[in-house]
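See below for the structure under consideration.
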Amino acid sequence: MNTLSFSTHFATREEANKEWVVVDAAAEPIVGRLASKVAKILRGKYKPCFTPNQDCGDNVIIINASKIEFSGNKWADKEYITFSGYPGGQHRVTAEKQAKKSYGYERILRHAVKGMLPKGRLGDKILGNLYIFDGAEHDKQAQSPKTIDINALK
């Protein structure tokens with residue numbers, strides 16, 4: 001029996017076929033469901049060449065981020081906590097107030113996706129492949145991204 005034929009192939013960064021993908025947040029407005037599917041696309045789990053320790057996922061552009069929704073009463077109950085590093089420097093902001101701030105919807109989505117990615121250098125690198133826009137327009141036309149239906153993914 002030839003045991004070499006049973007060896008697992010791990011894809012390298014050069015072998016990864018990274019594409020640009022546009023996801024419409026209005027198609028799946030619930031933040032958690034959208035973030036979990038986007039995290040899988042960013043990680044590359046929908047690709048046959050998935051390797052856990054490599055960045056082999058696609059670059060994702062999210063449009064219509066201002067149309068996201070939370071289930072339940074999370075707009076009033078969910079809090080985002082920041083800490084300045086000084087005593088008494090912890091600040092809490094509800095999701096409703098966060099959304100009203102500049103880049104608020106982008107921060108909400110980025111926070112949700114970041115929690116679903118691996119922690120450390122790999123997660124930070126993968127999160128750099130995420131681009132979020134509040135409206136229907138984006139400035140990444142030069143990459144000729146393809147639009148996908150997020151509801152068709154599991």
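Letters for chains follow the order of the structure tokens (A, B, ...), residue numbers begin at 1 for each chain, and ligand numbers begin at 1 in the order shown.
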Surrounding residues of Ala65 (chain A) excluding itself and chain neighbours under 3 positions, 8 Å, only C-alpha atoms, as a ChimeraX atom specification: /A:24-26,62,68,105-106,109,132-135
Output file for the selection above: N, CA and C atoms, as a PDB file, in the first residue's frame:
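Output (selection_5.pdb):
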```pdb
ATOM      1  N   ASP A  24     -24.526  42.095  -0.865  1.00  0.00           N
ATOM      2  CA  ASP A  24     -25.518  43.127  -0.559  1.00  0.00           C
ATOM      3  C   ASP A  24     -26.097  42.843   0.820  1.00  0.00           C
ATOM      4  N   ALA A  25     -25.911  43.763   1.760  1.00  0.00           N
ATOM      5  CA  ALA A  25     -26.402  43.575   3.121  1.00  0.00           C
ATOM      6  C   ALA A  25     -27.920  43.655   3.188  1.00  0.00           C
ATOM      7  N   ALA A  26     -28.560  44.232   2.186  1.00  0.00           N
ATOM      8  CA  ALA A  26     -30.018  44.304   2.191  1.00  0.00           C
ATOM      9  C   ALA A  26     -30.644  42.925   1.930  1.00  0.00           C
ATOM     10  N   ILE A  62     -18.925  44.729   1.134  1.00  0.00           N
ATOM     11  CA  ILE A  62     -20.315  44.751   1.604  1.00  0.00           C
ATOM     12  C   ILE A  62     -20.895  46.112   1.254  1.00  0.00           C
ATOM     13  N   ILE A  68     -28.762  47.206   7.697  1.00  0.00           N
ATOM     14  CA  ILE A  68     -28.680  46.052   8.589  1.00  0.00           C
ATOM     15  C   ILE A  68     -29.704  46.163   9.707  1.00  0.00           C
ATOM     16  N   TYR A 105     -22.227  52.061  11.033  1.00  0.00           N
ATOM     17  CA  TYR A 105     -22.644  50.761  10.511  1.00  0.00           C
ATOM     18  C   TYR A 105     -21.433  49.918  10.132  1.00  0.00           C
ATOM     19  N   GLU A 106     -20.400  50.560   9.630  1.00  0.00           N
ATOM     20  CA  GLU A 106     -19.174  49.840   9.298  1.00  0.00           C
ATOM     21  C   GLU A 106     -18.547  49.239  10.551  1.00  0.00           C
ATOM     22  N   LEU A 109     -20.647  46.125  11.750  1.00  0.00           N
ATOM     23  CA  LEU A 109     -20.411  44.930  10.941  1.00  0.00           C
ATOM     24  C   LEU A 109     -18.990  44.399  11.127  1.00  0.00           C
ATOM     25  N   ILE A 132     -16.384  47.772   3.635  1.00  0.00           N
ATOM     26  CA  ILE A 132     -17.794  48.000   3.949  1.00  0.00           C
ATOM     27  C   ILE A 132     -18.180  49.399   3.509  1.00  0.00           C
ATOM     28  N   PHE A 133     -19.329  49.498   2.820  1.00  0.00           N
ATOM     29  CA  PHE A 133     -19.852  50.773   2.335  1.00  0.00           C
ATOM     30  C   PHE A 133     -21.315  50.892   2.748  1.00  0.00           C
ATOM     31  N   ASP A 134     -21.711  52.096   3.213  1.00  0.00           N
ATOM     32  CA  ASP A 134     -23.079  52.320   3.670  1.00  0.00           C
ATOM     33  C   ASP A 134     -24.086  52.306   2.525  1.00  0.00           C
ATOM     34  N   GLY A 135     -23.716  52.832   1.392  1.00  0.00           N
ATOM     35  CA  GLY A 135     -24.639  52.931   0.268  1.00  0.00           C
ATOM     36  C   GLY A 135     -24.474  51.793  -0.722  1.00  0.00           C
TER      37      GLY A 135
END
```
Sel. of strand (DSSP E) residues, region 69-111 of chain A, as JSON, numbers by chain: {"A": [79, 80, 81, 82, 83, 90, 91, 92, 93, 94]}
Separation of CA of Thr147 (chain A) from CA of Glu19 (chain A) in Å: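 Straight-line distance from CA of Glu19 (chain A) to CA of Thr147 (chain A) works out to 11.1 Å.
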DSSP-assigned helix (DSSP H, G or I) members of chain A, reported as JSON, numbers by chain: {"A": [3, 4, 5, 6, 31, 32, 33, 34, 35, 36, 37, 38, 39, 40, 41, 42, 43, 65, 66, 67, 74, 75, 76, 77, 95, 96, 97, 98, 99, 100, 104, 105, 106, 107, 108, 109, 110, 111, 112, 113, 114, 121, 122, 123, 124, 125, 126, 127, 141, 142, 143, 150, 151, 152]}
Write a file of the just-selected residues containing C-alpha atoms, as a PDB file, in the first residue's frame.
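Output saved as again.pdb:
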```pdb
ATOM      1  CA  THR A   3       1.019   5.742   1.903  1.00  0.00           C
ATOM      2  CA  LEU A   4       2.252   8.746  -0.053  1.00  0.00           C
ATOM      3  CA  SER A   5      -0.986   8.889  -1.990  1.00  0.00           C
ATOM      4  CA  PHE A   6      -2.882   9.609   1.216  1.00  0.00           C
ATOM      5  CA  VAL A  31     -26.199  41.240  11.423  1.00  0.00           C
ATOM      6  CA  GLY A  32     -25.191  37.885  12.893  1.00  0.00           C
ATOM      7  CA  ARG A  33     -26.302  35.806   9.925  1.00  0.00           C
ATOM      8  CA  LEU A  34     -24.628  38.154   7.473  1.00  0.00           C
ATOM      9  CA  ALA A  35     -21.419  38.273   9.516  1.00  0.00           C
ATOM     10  CA  SER A  36     -21.125  34.490   9.800  1.00  0.00           C
ATOM     11  CA  LYS A  37     -21.456  33.985   6.042  1.00  0.00           C
ATOM     12  CA  VAL A  38     -19.046  36.824   5.282  1.00  0.00           C
ATOM     13  CA  ALA A  39     -16.529  35.396   7.771  1.00  0.00           C
ATOM     14  CA  LYS A  40     -16.670  32.038   5.977  1.00  0.00           C
ATOM     15  CA  ILE A  41     -16.064  33.721   2.619  1.00  0.00           C
ATOM     16  CA  LEU A  42     -13.164  35.757   4.048  1.00  0.00           C
ATOM     17  CA  ARG A  43     -11.665  32.641   5.616  1.00  0.00           C
ATOM     18  CA  ALA A  65     -24.521  48.400   5.255  1.00  0.00           C
ATOM     19  CA  SER A  66     -26.969  51.016   6.510  1.00  0.00           C
ATOM     20  CA  LYS A  67     -29.825  48.535   5.946  1.00  0.00           C
ATOM     21  CA  LYS A  74     -30.535  44.535  20.456  1.00  0.00           C
ATOM     22  CA  TRP A  75     -30.567  48.098  19.112  1.00  0.00           C
ATOM     23  CA  ALA A  76     -31.206  49.274  22.686  1.00  0.00           C
ATOM     24  CA  ASP A  77     -29.603  46.443  24.697  1.00  0.00           C
ATOM     25  CA  ALA A  95     -25.879  49.849  19.016  1.00  0.00           C
ATOM     26  CA  GLU A  96     -28.422  52.575  18.232  1.00  0.00           C
ATOM     27  CA  LYS A  97     -25.989  55.362  19.190  1.00  0.00           C
ATOM     28  CA  GLN A  98     -23.108  53.585  17.441  1.00  0.00           C
ATOM     29  CA  ALA A  99     -25.087  53.486  14.189  1.00  0.00           C
ATOM     30  CA  LYS A 100     -25.664  57.251  14.325  1.00  0.00           C
ATOM     31  CA  GLY A 104     -21.177  53.514  12.683  1.00  0.00           C
ATOM     32  CA  TYR A 105     -22.644  50.761  10.511  1.00  0.00           C
ATOM     33  CA  GLU A 106     -19.174  49.840   9.298  1.00  0.00           C
ATOM     34  CA  ARG A 107     -17.944  49.486  12.877  1.00  0.00           C
ATOM     35  CA  ILE A 108     -20.950  47.333  13.841  1.00  0.00           C
ATOM     36  CA  LEU A 109     -20.411  44.930  10.941  1.00  0.00           C
ATOM     37  CA  ARG A 110     -16.626  44.846  11.327  1.00  0.00           C
ATOM     38  CA  HIS A 111     -16.992  44.055  15.048  1.00  0.00           C
ATOM     39  CA  ALA A 112     -19.393  41.192  14.292  1.00  0.00           C
ATOM     40  CA  VAL A 113     -17.176  39.693  11.580  1.00  0.00           C
ATOM     41  CA  LYS A 114     -13.998  40.096  13.648  1.00  0.00           C
ATOM     42  CA  ARG A 121      -2.077  37.817  13.184  1.00  0.00           C
ATOM     43  CA  LEU A 122      -4.015  35.624  10.746  1.00  0.00           C
ATOM     44  CA  GLY A 123      -7.367  37.058  11.831  1.00  0.00           C
ATOM     45  CA  ASP A 124      -6.069  40.614  11.512  1.00  0.00           C
ATOM     46  CA  LYS A 125      -4.755  39.901   8.034  1.00  0.00           C
ATOM     47  CA  ILE A 126      -8.038  38.295   6.933  1.00  0.00           C
ATOM     48  CA  LEU A 127     -10.061  41.210   8.323  1.00  0.00           C
ATOM     49  CA  GLN A 141     -14.833  48.676  -9.642  1.00  0.00           C
ATOM     50  CA  ALA A 142     -11.248  48.342 -10.874  1.00  0.00           C
ATOM     51  CA  GLN A 143     -11.043  44.878  -9.293  1.00  0.00           C
ATOM     52  CA  ILE A 150     -25.500  35.541   0.273  1.00  0.00           C
ATOM     53  CA  ASN A 151     -28.703  33.576   0.925  1.00  0.00           C
ATOM     54  CA  ALA A 152     -27.554  30.800  -1.422  1.00  0.00           C
TER      55      ALA A 152
END
```
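The spacing separating CA of Lys45 (chain A) from CA of Asp139 (chain A) amounts to 26.2 Å.
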Between CA of Lys146 (chain A) and CA of Trp20 (chain A), distance in Å (one decimal):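 So the two atoms, CA of Lys146 (chain A) and CA of Trp20 (chain A), lie 6.5 Å apart.
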